Amino acid sequence: MTDQLQSLNRRFALAGHLQFKAGPGGLAVADINNEHAAATVVLPGAHVLSFQPRGQRPVLWASAHSRFESGQPIRGGIPLVWPWFGAHPTDPAKPAHGFARTSLWAVSETAVTSSGATRLRLSLTDSDETRSLWPHPFQLEFTVTVGVDLQVELAMRNVGQSAFTCGAALHSYFAVSDAGRISILGLEGGDYLDKVDGGRRKTQAGPVTIAAETDRIYLDTTAACVIDDPGWGRRIRVAKLGSRSTVVWNPWVDKSRRMADFGDEEYPGMVCVETANAADDVVTVAPAGEHRLQAVIGVVG
Ligand code: TA6
């Protein structure tokens, strides 16, 4: 075991709940196991990779082709998108979805909650590297609470002297029996930007279903979504706070083939339902201010 892991376990391990160990690609992970569920959090990128309540199938999906190299995004789980969503608004050379998911976060706290859940907190502050990409001082705190439900929260604090505006998302990948057979409830009647059709604004008629590449930013919605999966006879609920935009994504056939870290035949097994601050839902944080983006994920039937 490396010195880093030994030091982390000395300071933060929780018997019967959490230990640090070498995970995929040798990356340091927090291995969480309690009476309610099991989860894995990759420390680089503060990346929740897996979540499985006791007696349930895995709730999150991850590609068998994902890279596991420090500084590289992981394909699956819950990538942290910050401080911009999608391509950088003006500079295509900057990394898509910002730099939070490829940064080295620090473990700041571990605890057992009163309900027997396991809580892990990680933090990230600005550096020469982040300032070269985004010229603002900041403090991020990512909190993962693993119980019957999975609660993830990204707190964004402005520790500078001027306001900043940022985009964000908890870019959650969910495991499903067959993306072509699921329905996503909660977005009915809402407007969305269709990124597969030039970003055109459209209105959602009925539940969201997937029959081709789907990449939509639903606007002005605080609704919880439910992924209804008849193939596995289960429903996954994604509730949220601090977000008025929800993104639904499945790459389908052609886009899957264009992604090196996404298997050509993997797209039927996943769908992204992302808790976002995207499009017109970007947030402005005043000096000494804070914005919290939260998702609560659980199997409801
Ligand atoms: O959230 C949907 C999306 O913006 C898609 O357009 C697609 O690019 C996806 O994110 C994955 O992005 P990534 O940078 O992780 O490959």
# chains A, B, ... in the order shown; residues from 1 in each chain; ligands from 1
$ residues_around --residues "range 222-225 of chain A" --least-positions-apart "2" --cutoff "12 Å" --atoms "only C-alpha atoms" --output "PyMOL selection string"
chain A and resi 183-190+207-208+218-220+227-228+235-248+272-277+281+293-300
$ write_last_selection --atoms "N, CA and C atoms" --output "CSV table (one decimal), in the first residue's frame"
chain,number,residue,atom,x,y,z
A,183,SER,N,-38.3,4.7,-20.0
A,183,SER,CA,-39.0,6.0,-20.2
A,183,SER,C,-38.5,6.9,-19.0
A,184,ILE,N,-38.3,8.1,-19.3
A,184,ILE,CA,-37.8,9.1,-18.3
A,184,ILE,C,-39.0,10.0,-18.0
A,185,LEU,N,-39.5,9.9,-16.7
A,185,LEU,CA,-40.6,10.7,-16.3
A,185,LEU,C,-40.2,12.0,-15.5
A,186,GLY,N,-41.0,13.0,-15.6
A,186,GLY,CA,-40.7,14.2,-14.9
A,186,GLY,C,-40.4,15.4,-15.7
A,187,LEU,N,-40.2,15.2,-17.0
A,187,LEU,CA,-39.9,16.3,-17.9
A,187,LEU,C,-41.0,16.6,-18.9
A,188,GLU,N,-42.1,16.0,-18.7
A,188,GLU,CA,-43.2,16.1,-19.7
A,188,GLU,C,-43.7,17.6,-19.8
A,189,GLY,N,-43.9,18.1,-21.0
A,189,GLY,CA,-44.4,19.4,-21.2
A,189,GLY,C,-43.3,20.5,-21.1
A,190,GLY,N,-42.1,20.1,-20.8
A,190,GLY,CA,-41.0,21.1,-20.6
A,190,GLY,C,-40.3,21.4,-21.9
A,207,PRO,N,-43.4,11.3,-21.7
A,207,PRO,CA,-42.1,10.8,-21.1
A,207,PRO,C,-41.0,10.9,-22.2
A,208,VAL,N,-39.8,11.0,-21.7
A,208,VAL,CA,-38.7,10.9,-22.7
A,208,VAL,C,-38.3,9.5,-23.0
A,218,TYR,N,-32.9,20.1,-20.8
A,218,TYR,CA,-34.3,20.6,-20.4
A,218,TYR,C,-34.1,21.8,-19.6
A,219,LEU,N,-35.0,22.8,-19.9
A,219,LEU,CA,-34.9,24.1,-19.3
A,219,LEU,C,-35.9,24.4,-18.2
A,220,ASP,N,-35.5,25.2,-17.2
A,220,ASP,CA,-36.5,25.7,-16.2
A,220,ASP,C,-37.2,24.6,-15.5
A,227,ILE,N,-36.4,7.2,-13.9
A,227,ILE,CA,-36.0,6.3,-15.0
A,227,ILE,C,-36.8,5.0,-14.8
A,228,ASP,N,-37.8,4.8,-15.7
A,228,ASP,CA,-38.6,3.6,-15.6
A,228,ASP,C,-38.1,2.6,-16.5
A,235,ARG,N,-37.3,1.3,-11.0
A,235,ARG,CA,-37.3,2.7,-11.2
A,235,ARG,C,-36.2,3.4,-10.4
A,236,ILE,N,-35.5,4.2,-11.1
A,236,ILE,CA,-34.4,5.0,-10.4
A,236,ILE,C,-34.9,6.5,-10.3
A,237,ARG,N,-34.9,7.0,-9.1
A,237,ARG,CA,-35.3,8.4,-9.0
A,237,ARG,C,-34.1,9.3,-8.8
A,238,VAL,N,-34.1,10.5,-9.5
A,238,VAL,CA,-33.1,11.4,-9.4
A,238,VAL,C,-33.7,12.8,-9.0
A,239,ALA,N,-33.6,13.1,-7.7
A,239,ALA,CA,-34.1,14.3,-7.2
A,239,ALA,C,-33.0,15.3,-7.1
A,240,LYS,N,-33.3,16.7,-7.1
A,240,LYS,CA,-32.2,17.6,-7.2
A,240,LYS,C,-32.5,18.9,-6.5
A,241,LEU,N,-31.5,19.6,-6.1
A,241,LEU,CA,-31.6,21.0,-5.5
A,241,LEU,C,-30.5,21.8,-6.2
A,242,GLY,N,-30.8,23.1,-6.3
A,242,GLY,CA,-29.8,24.0,-6.9
A,242,GLY,C,-29.6,23.9,-8.4
A,243,SER,N,-30.6,23.3,-9.0
A,243,SER,CA,-30.5,23.1,-10.5
A,243,SER,C,-31.9,23.4,-11.1
A,244,ARG,N,-31.8,24.1,-12.3
A,244,ARG,CA,-33.0,24.4,-13.1
A,244,ARG,C,-32.9,23.8,-14.5
A,245,SER,N,-31.9,23.0,-14.7
A,245,SER,CA,-31.7,22.4,-16.0
A,245,SER,C,-31.3,20.9,-15.8
A,246,THR,N,-31.9,20.0,-16.6
A,246,THR,CA,-31.6,18.6,-16.6
A,246,THR,C,-31.2,18.2,-18.0
A,247,VAL,N,-30.1,17.4,-18.1
A,247,VAL,CA,-29.6,17.0,-19.3
A,247,VAL,C,-29.8,15.5,-19.5
A,248,VAL,N,-30.4,15.1,-20.7
A,248,VAL,CA,-30.6,13.7,-21.0
A,248,VAL,C,-29.7,13.3,-22.2
A,272,CYS,N,-27.7,8.9,-19.5
A,272,CYS,CA,-27.3,10.0,-18.6
A,272,CYS,C,-28.6,10.8,-18.2
A,273,VAL,N,-28.8,11.0,-17.0
A,273,VAL,CA,-29.8,12.0,-16.5
A,273,VAL,C,-29.0,12.9,-15.6
A,274,GLU,N,-28.7,14.1,-16.0
A,274,GLU,CA,-27.7,15.0,-15.4
A,274,GLU,C,-28.3,16.2,-14.7
A,275,THR,N,-27.9,16.4,-13.5
A,275,THR,CA,-28.4,17.5,-12.6
A,275,THR,C,-27.5,18.6,-12.9
A,276,ALA,N,-28.0,19.7,-13.6
A,276,ALA,CA,-27.1,20.7,-14.2
A,276,ALA,C,-27.4,22.1,-13.8
A,277,ASN,N,-26.4,22.9,-14.0
A,277,ASN,CA,-26.6,24.4,-14.2
A,277,ASN,C,-26.0,24.7,-15.6
A,281,ASP,N,-29.1,28.4,-17.3
A,281,ASP,CA,-29.2,28.1,-15.8
A,281,ASP,C,-27.8,28.2,-15.2
A,293,LEU,N,-25.1,22.5,-5.6
A,293,LEU,CA,-25.8,21.7,-6.6
A,293,LEU,C,-25.9,20.3,-6.0
A,294,GLN,N,-27.1,19.7,-5.9
A,294,GLN,CA,-27.2,18.5,-5.2
A,294,GLN,C,-28.1,17.5,-6.0
A,295,ALA,N,-27.8,16.2,-5.9
A,295,ALA,CA,-28.6,15.2,-6.5
A,295,ALA,C,-28.8,14.1,-5.4
A,296,VAL,N,-30.0,13.6,-5.3
A,296,VAL,CA,-30.3,12.4,-4.5
A,296,VAL,C,-30.8,11.3,-5.3
A,297,ILE,N,-30.1,10.2,-5.4
A,297,ILE,CA,-30.3,9.1,-6.3
A,297,ILE,C,-30.8,7.9,-5.5
A,298,GLY,N,-31.9,7.2,-6.0
A,298,GLY,CA,-32.3,6.0,-5.3
A,298,GLY,C,-33.1,5.1,-6.1
A,299,VAL,N,-33.2,3.9,-5.8
A,299,VAL,CA,-34.1,2.9,-6.4
A,299,VAL,C,-35.4,3.0,-5.7
A,300,VAL,N,-36.5,3.2,-6.5
A,300,VAL,CA,-37.8,3.5,-5.8
A,300,VAL,C,-38.8,2.4,-6.2
$ residues_near_ligand --ligand "ligand 1" --cutoff "8 Å" --atoms "only C-alpha atoms and all ligand atoms" --output "PDB file with N, CA, C and O atoms, in the first residue's frame"
ATOM      1  N   PRO A  73     -10.538  12.112 -18.026  1.00  0.00           N
ATOM      2  CA  PRO A  73     -11.917  11.872 -17.553  1.00  0.00           C
ATOM      3  C   PRO A  73     -12.227  10.369 -17.511  1.00  0.00           C
ATOM      4  O   PRO A  73     -11.666   9.597 -18.292  1.00  0.00           O
ATOM      5  N   ILE A  74     -13.085   9.991 -16.601  1.00  0.00           N
ATOM      6  CA  ILE A  74     -13.561   8.606 -16.501  1.00  0.00           C
ATOM      7  C   ILE A  74     -14.922   8.545 -17.186  1.00  0.00           C
ATOM      8  O   ILE A  74     -15.745   9.456 -17.048  1.00  0.00           O
ATOM      9  N   ARG A  75     -15.148   7.486 -17.964  1.00  0.00           N
ATOM     10  CA  ARG A  75     -16.405   7.323 -18.721  1.00  0.00           C
ATOM     11  C   ARG A  75     -17.401   6.525 -17.884  1.00  0.00           C
ATOM     12  O   ARG A  75     -17.395   5.285 -17.892  1.00  0.00           O
ATOM     13  N   PRO A  79     -19.258  12.002 -13.352  1.00  0.00           N
ATOM     14  CA  PRO A  79     -18.235  13.039 -13.570  1.00  0.00           C
ATOM     15  C   PRO A  79     -18.713  14.397 -13.060  1.00  0.00           C
ATOM     16  O   PRO A  79     -19.897  14.734 -13.192  1.00  0.00           O
ATOM     17  N   PHE A  85     -20.178  23.995 -18.609  1.00  0.00           N
ATOM     18  CA  PHE A  85     -20.834  22.782 -19.106  1.00  0.00           C
ATOM     19  C   PHE A  85     -20.600  22.685 -20.615  1.00  0.00           C
ATOM     20  O   PHE A  85     -20.803  23.666 -21.334  1.00  0.00           O
ATOM     21  N   GLY A  86     -20.168  21.462 -21.079  1.00  0.00           N
ATOM     22  CA  GLY A  86     -19.944  21.319 -22.519  1.00  0.00           C
ATOM     23  C   GLY A  86     -18.641  21.960 -22.936  1.00  0.00           C
ATOM     24  O   GLY A  86     -17.699  22.115 -22.147  1.00  0.00           O
ATOM     25  N   ALA A  87     -18.593  22.370 -24.212  1.00  0.00           N
ATOM     26  CA  ALA A  87     -17.372  23.005 -24.733  1.00  0.00           C
ATOM     27  C   ALA A  87     -17.199  24.367 -24.048  1.00  0.00           C
ATOM     28  O   ALA A  87     -18.178  25.022 -23.671  1.00  0.00           O
ATOM     29  N   PRO A  95     -10.557  22.223 -21.916  1.00  0.00           N
ATOM     30  CA  PRO A  95     -11.191  20.900 -21.805  1.00  0.00           C
ATOM     31  C   PRO A  95     -12.714  20.996 -21.722  1.00  0.00           C
ATOM     32  O   PRO A  95     -13.250  21.851 -21.005  1.00  0.00           O
ATOM     33  N   ALA A  96     -13.391  20.129 -22.460  1.00  0.00           N
ATOM     34  CA  ALA A  96     -14.857  20.062 -22.377  1.00  0.00           C
ATOM     35  C   ALA A  96     -15.261  19.770 -20.942  1.00  0.00           C
ATOM     36  O   ALA A  96     -14.567  19.035 -20.225  1.00  0.00           O
ATOM     37  N   HIS A  97     -16.336  20.414 -20.494  1.00  0.00           N
ATOM     38  CA  HIS A  97     -16.891  20.192 -19.165  1.00  0.00           C
ATOM     39  C   HIS A  97     -15.990  20.682 -18.028  1.00  0.00           C
ATOM     40  O   HIS A  97     -16.167  20.286 -16.866  1.00  0.00           O
ATOM     41  N   HIS A 171     -22.863  14.764 -13.681  1.00  0.00           N
ATOM     42  CA  HIS A 171     -23.113  14.162 -15.003  1.00  0.00           C
ATOM     43  C   HIS A 171     -23.349  12.650 -14.862  1.00  0.00           C
ATOM     44  O   HIS A 171     -22.546  11.840 -15.347  1.00  0.00           O
ATOM     45  N   LYS A 195     -29.553  19.257 -28.799  1.00  0.00           N
ATOM     46  CA  LYS A 195     -28.174  19.416 -29.306  1.00  0.00           C
ATOM     47  C   LYS A 195     -27.912  18.512 -30.507  1.00  0.00           C
ATOM     48  O   LYS A 195     -26.901  18.648 -31.185  1.00  0.00           O
ATOM     49  N   ASP A 215     -29.474  14.104 -26.975  1.00  0.00           N
ATOM     50  CA  ASP A 215     -28.598  15.010 -26.224  1.00  0.00           C
ATOM     51  C   ASP A 215     -29.383  16.297 -26.006  1.00  0.00           C
ATOM     52  O   ASP A 215     -29.421  17.168 -26.879  1.00  0.00           O
ATOM     53  N   ARG A 216     -30.069  16.402 -24.879  1.00  0.00           N
ATOM     54  CA  ARG A 216     -31.033  17.468 -24.663  1.00  0.00           C
ATOM     55  C   ARG A 216     -30.798  18.163 -23.325  1.00  0.00           C
ATOM     56  O   ARG A 216     -30.556  17.483 -22.318  1.00  0.00           O
ATOM     57  N   VAL A 247     -30.108  17.403 -18.055  1.00  0.00           N
ATOM     58  CA  VAL A 247     -29.594  16.951 -19.348  1.00  0.00           C
ATOM     59  C   VAL A 247     -29.841  15.458 -19.497  1.00  0.00           C
ATOM     60  O   VAL A 247     -29.603  14.689 -18.561  1.00  0.00           O
ATOM     61  N   VAL A 248     -30.356  15.077 -20.663  1.00  0.00           N
ATOM     62  CA  VAL A 248     -30.561  13.651 -20.987  1.00  0.00           C
ATOM     63  C   VAL A 248     -29.675  13.317 -22.184  1.00  0.00           C
ATOM     64  O   VAL A 248     -29.698  14.028 -23.201  1.00  0.00           O
ATOM     65  N   TRP A 249     -28.848  12.254 -22.009  1.00  0.00           N
ATOM     66  CA  TRP A 249     -27.902  11.926 -23.082  1.00  0.00           C
ATOM     67  C   TRP A 249     -27.748  10.426 -23.260  1.00  0.00           C
ATOM     68  O   TRP A 249     -27.632   9.683 -22.270  1.00  0.00           O
ATOM     69  N   ASN A 250     -27.837  10.004 -24.508  1.00  0.00           N
ATOM     70  CA  ASN A 250     -27.390   8.661 -24.912  1.00  0.00           C
ATOM     71  C   ASN A 250     -26.750   8.818 -26.284  1.00  0.00           C
ATOM     72  O   ASN A 250     -27.356   9.363 -27.190  1.00  0.00           O
ATOM     73  N   PRO A 251     -25.495   8.348 -26.445  1.00  0.00           N
ATOM     74  CA  PRO A 251     -24.782   8.584 -27.709  1.00  0.00           C
ATOM     75  C   PRO A 251     -25.277   7.752 -28.879  1.00  0.00           C
ATOM     76  O   PRO A 251     -24.985   8.093 -30.042  1.00  0.00           O
ATOM     77  N   MET A 259     -16.153   7.393 -29.903  1.00  0.00           N
ATOM     78  CA  MET A 259     -15.521   7.622 -28.596  1.00  0.00           C
ATOM     79  C   MET A 259     -14.642   6.426 -28.252  1.00  0.00           C
ATOM     80  O   MET A 259     -15.132   5.298 -28.141  1.00  0.00           O
ATOM     81  N   CYS A 272     -27.730   8.899 -19.481  1.00  0.00           N
ATOM     82  CA  CYS A 272     -27.348   9.974 -18.559  1.00  0.00           C
ATOM     83  C   CYS A 272     -28.568  10.832 -18.249  1.00  0.00           C
ATOM     84  O   CYS A 272     -29.283  11.244 -19.170  1.00  0.00           O
ATOM     85  N   GLU A 274     -28.692  14.143 -16.047  1.00  0.00           N
ATOM     86  CA  GLU A 274     -27.688  14.977 -15.385  1.00  0.00           C
ATOM     87  C   GLU A 274     -28.325  16.165 -14.663  1.00  0.00           C
ATOM     88  O   GLU A 274     -29.163  16.863 -15.240  1.00  0.00           O
TER      89      GLU A 274
END
$ residues_around --residues "Glu266 in chain A" --least-positions-apart "2" --cutoff "9 Å" --atoms "only C-alpha atoms" --output "ChimeraX atom specification"
/A:63-64,252,256,262-264,268-270
$ write_last_selection --atoms "all heavy atoms" --output "compact mmCIF listing (two decimals), in the first residue's frame"
# COMPACT_ATOMS: atom_id res chain seq x y z
N SER A 63 -18.19 2.53 -18.41
CA SER A 63 -17.74 1.81 -19.60
C SER A 63 -16.61 0.84 -19.27
O SER A 63 -15.71 1.18 -18.48
CB SER A 63 -17.24 2.80 -20.66
OG SER A 63 -16.62 2.09 -21.73
N ALA A 64 -16.63 -0.31 -19.92
CA ALA A 64 -15.51 -1.27 -19.78
C ALA A 64 -14.27 -0.74 -20.49
O ALA A 64 -13.18 -1.28 -20.34
CB ALA A 64 -15.92 -2.62 -20.37
N TRP A 252 -26.01 6.65 -28.58
CA TRP A 252 -26.49 5.71 -29.59
C TRP A 252 -25.32 5.17 -30.43
O TRP A 252 -24.18 5.13 -29.92
CB TRP A 252 -27.60 6.36 -30.41
CG TRP A 252 -28.65 5.40 -30.88
CD1 TRP A 252 -28.88 5.00 -32.18
CD2 TRP A 252 -29.62 4.69 -30.10
NE1 TRP A 252 -29.93 4.12 -32.23
CE2 TRP A 252 -30.40 3.89 -30.98
CE3 TRP A 252 -29.91 4.64 -28.72
CZ2 TRP A 252 -31.45 3.10 -30.54
CZ3 TRP A 252 -30.94 3.86 -28.28
CH2 TRP A 252 -31.72 3.08 -29.19
N SER A 256 -21.16 6.55 -30.26
CA SER A 256 -20.43 5.56 -29.45
C SER A 256 -19.16 5.12 -30.19
O SER A 256 -18.09 5.00 -29.60
CB SER A 256 -21.30 4.32 -29.20
OG SER A 256 -22.44 4.66 -28.48
N PHE A 262 -15.58 4.37 -25.06
CA PHE A 262 -16.99 3.95 -25.00
C PHE A 262 -17.15 2.81 -26.00
O PHE A 262 -16.91 2.98 -27.19
CB PHE A 262 -17.89 5.13 -25.39
CG PHE A 262 -19.34 4.99 -24.95
CD1 PHE A 262 -19.86 5.86 -24.00
CD2 PHE A 262 -20.17 4.01 -25.47
CE1 PHE A 262 -21.19 5.76 -23.60
CE2 PHE A 262 -21.48 3.88 -25.07
CZ PHE A 262 -22.00 4.77 -24.13
N GLY A 263 -17.51 1.61 -25.50
CA GLY A 263 -17.61 0.45 -26.40
C GLY A 263 -18.72 0.63 -27.42
O GLY A 263 -19.76 1.23 -27.11
N ASP A 264 -18.50 0.08 -28.61
CA ASP A 264 -19.47 0.25 -29.70
C ASP A 264 -20.84 -0.31 -29.33
O ASP A 264 -21.86 0.14 -29.84
CB ASP A 264 -18.96 -0.45 -30.98
CG ASP A 264 -17.74 0.25 -31.56
OD1 ASP A 264 -17.37 1.31 -31.01
OD2 ASP A 264 -17.16 -0.28 -32.53
N PRO A 268 -26.74 0.63 -25.32
CA PRO A 268 -28.07 0.22 -24.80
C PRO A 268 -28.11 0.09 -23.27
O PRO A 268 -29.18 0.11 -22.66
CB PRO A 268 -28.30 -1.15 -25.45
CG PRO A 268 -27.41 -1.18 -26.66
CD PRO A 268 -26.19 -0.41 -26.24
N GLY A 269 -26.93 0.01 -22.65
CA GLY A 269 -26.90 -0.27 -21.20
C GLY A 269 -26.87 0.96 -20.32
O GLY A 269 -26.74 0.83 -19.10
N MET A 270 -27.00 2.15 -20.91
CA MET A 270 -26.84 3.35 -20.09
C MET A 270 -27.74 4.47 -20.54
O MET A 270 -28.22 4.50 -21.68
CB MET A 270 -25.39 3.84 -20.13
CG MET A 270 -24.77 4.15 -21.51
SD MET A 270 -25.37 5.59 -22.41
CE MET A 270 -24.77 6.93 -21.41
$ atom_distance --atom1 "CA of Leu104 in chain A" --atom2 "CA of Pro44 in chain A"
4.8 Å
$ residues_around --residues "Leu154 in chain A" --least-positions-apart "4" --cutoff "10 Å" --atoms "only C-alpha atoms" --output "VMD selection string"
chain A and resid 80 to 82 121 to 123 140 to 144 168 to 170 242 291 to 295
$ select_by_dssp --residues "range 101-226 of chain A" --states "helix (DSSP H, G or I)" --output "list of chain:residue names"
A:Arg101, A:Thr102, A:Asp128, A:Glu129, A:Thr130, A:Arg131, A:Ser132, A:Leu133
$ closest_residue --among "A:Pro287, A:Ala260, A:Ser127, A:Gly147" --to "Ser66 in chain A" --atoms "only C-alpha atoms"
A:Ala260
$ select_by_dssp --residues "range 6-247 of chain A" --states "strand (DSSP E)" --output "VMD selection string"
chain A and resid 18 to 22 28 to 33 37 to 42 47 to 53 80 to 81 106 to 112 118 to 125 139 to 146 150 to 157 164 to 166 168 to 170 173 to 175 183 to 185 191 to 194 200 to 203 214 to 218 225 to 229 234 to 241 245 to 247
$ decode --residues "range 37-63 of chain A" --atoms "N, CA and C atoms" --output "mmCIF file, in the first residue's frame"
data_model
loop_
_atom_site.group_PDB
_atom_site.id
_atom_site.type_symbol
_atom_site.label_atom_id
_atom_site.label_comp_id
_atom_site.auth_asym_id
_atom_site.auth_seq_id
_atom_site.Cartn_x
_atom_site.Cartn_y
_atom_site.Cartn_z
ATOM 1 N N ALA A 37 -25.411 -0.009 1.523
ATOM 2 C CA ALA A 37 -24.982 0.031 0.111
ATOM 3 C C ALA A 37 -23.467 -0.082 0.033
ATOM 4 N N ALA A 38 -23.002 -0.208 -1.193
ATOM 5 C CA ALA A 38 -21.557 -0.157 -1.485
ATOM 6 C C ALA A 38 -21.331 0.916 -2.552
ATOM 7 N N ALA A 39 -20.185 1.583 -2.474
ATOM 8 C CA ALA A 39 -19.866 2.622 -3.468
ATOM 9 C C ALA A 39 -18.356 2.748 -3.578
ATOM 10 N N THR A 40 -17.927 3.278 -4.725
ATOM 11 C CA THR A 40 -16.507 3.550 -4.952
ATOM 12 C C THR A 40 -16.367 4.991 -5.403
ATOM 13 N N VAL A 41 -15.461 5.727 -4.782
ATOM 14 C CA VAL A 41 -15.194 7.107 -5.194
ATOM 15 C C VAL A 41 -13.712 7.211 -5.565
ATOM 16 N N VAL A 42 -13.435 7.558 -6.821
ATOM 17 C CA VAL A 42 -12.053 7.734 -7.278
ATOM 18 C C VAL A 42 -11.600 9.117 -6.803
ATOM 19 N N LEU A 43 -10.489 9.174 -6.051
ATOM 20 C CA LEU A 43 -10.108 10.462 -5.458
ATOM 21 C C LEU A 43 -9.733 11.490 -6.528
ATOM 22 N N PRO A 44 -8.851 11.131 -7.517
ATOM 23 C CA PRO A 44 -8.634 12.117 -8.589
ATOM 24 C C PRO A 44 -9.959 12.403 -9.316
ATOM 25 N N GLY A 45 -10.354 13.646 -9.330
ATOM 26 C CA GLY A 45 -11.608 14.020 -9.985
ATOM 27 C C GLY A 45 -12.814 13.946 -9.077
ATOM 28 N N ALA A 46 -12.616 13.459 -7.808
ATOM 29 C CA ALA A 46 -13.750 13.330 -6.861
ATOM 30 C C ALA A 46 -14.902 12.635 -7.578
ATOM 31 N N HIS A 47 -14.584 11.468 -8.134
ATOM 32 C CA HIS A 47 -15.485 10.833 -9.108
ATOM 33 C C HIS A 47 -16.161 9.610 -8.494
ATOM 34 N N VAL A 48 -17.492 9.738 -8.250
ATOM 35 C CA VAL A 48 -18.264 8.571 -7.816
ATOM 36 C C VAL A 48 -18.334 7.607 -8.991
ATOM 37 N N LEU A 49 -17.763 6.426 -8.814
ATOM 38 C CA LEU A 49 -17.685 5.463 -9.925
ATOM 39 C C LEU A 49 -18.801 4.423 -9.849
ATOM 40 N N SER A 50 -19.175 4.056 -8.629
ATOM 41 C CA SER A 50 -20.210 3.007 -8.510
ATOM 42 C C SER A 50 -21.062 3.264 -7.280
ATOM 43 N N PHE A 51 -22.287 2.773 -7.358
ATOM 44 C CA PHE A 51 -23.213 2.832 -6.224
ATOM 45 C C PHE A 51 -24.162 1.638 -6.354
ATOM 46 N N GLN A 52 -24.208 0.801 -5.307
ATOM 47 C CA GLN A 52 -25.089 -0.381 -5.367
ATOM 48 C C GLN A 52 -25.732 -0.609 -4.010
ATOM 49 N N PRO A 53 -27.028 -0.271 -3.886
ATOM 50 C CA PRO A 53 -27.726 -0.549 -2.635
ATOM 51 C C PRO A 53 -27.790 -2.062 -2.403
ATOM 52 N N ARG A 54 -27.813 -2.468 -1.166
ATOM 53 C CA ARG A 54 -27.871 -3.899 -0.837
ATOM 54 C C ARG A 54 -29.092 -4.526 -1.533
ATOM 55 N N GLY A 55 -28.884 -5.663 -2.211
ATOM 56 C CA GLY A 55 -29.999 -6.379 -2.831
ATOM 57 C C GLY A 55 -30.437 -5.819 -4.170
ATOM 58 N N GLN A 56 -29.742 -4.761 -4.625
ATOM 59 C CA GLN A 56 -30.111 -4.156 -5.916
ATOM 60 C C GLN A 56 -28.997 -4.376 -6.937
ATOM 61 N N ARG A 57 -29.350 -4.223 -8.218
ATOM 62 C CA ARG A 57 -28.309 -4.172 -9.258
ATOM 63 C C ARG A 57 -27.530 -2.858 -9.111
ATOM 64 N N PRO A 58 -26.323 -2.777 -9.695
ATOM 65 C CA PRO A 58 -25.618 -1.487 -9.712
ATOM 66 C C PRO A 58 -26.512 -0.382 -10.291
ATOM 67 N N VAL A 59 -26.473 0.784 -9.694
ATOM 68 C CA VAL A 59 -27.338 1.891 -10.158
ATOM 69 C C VAL A 59 -26.616 2.739 -11.200
ATOM 70 N N LEU A 60 -25.293 2.879 -11.017
ATOM 71 C CA LEU A 60 -24.501 3.693 -11.960
ATOM 72 C C LEU A 60 -23.825 2.776 -12.977
ATOM 73 N N TRP A 61 -23.616 3.361 -14.178
ATOM 74 C CA TRP A 61 -22.976 2.611 -15.268
ATOM 75 C C TRP A 61 -21.572 3.153 -15.486
ATOM 76 N N ALA A 62 -20.653 2.289 -15.891
ATOM 77 C CA ALA A 62 -19.309 2.734 -16.292
ATOM 78 C C ALA A 62 -18.866 1.879 -17.468
ATOM 79 N N SER A 63 -18.187 2.529 -18.414
ATOM 80 C CA SER A 63 -17.742 1.805 -19.599
ATOM 81 C C SER A 63 -16.606 0.843 -19.269
#
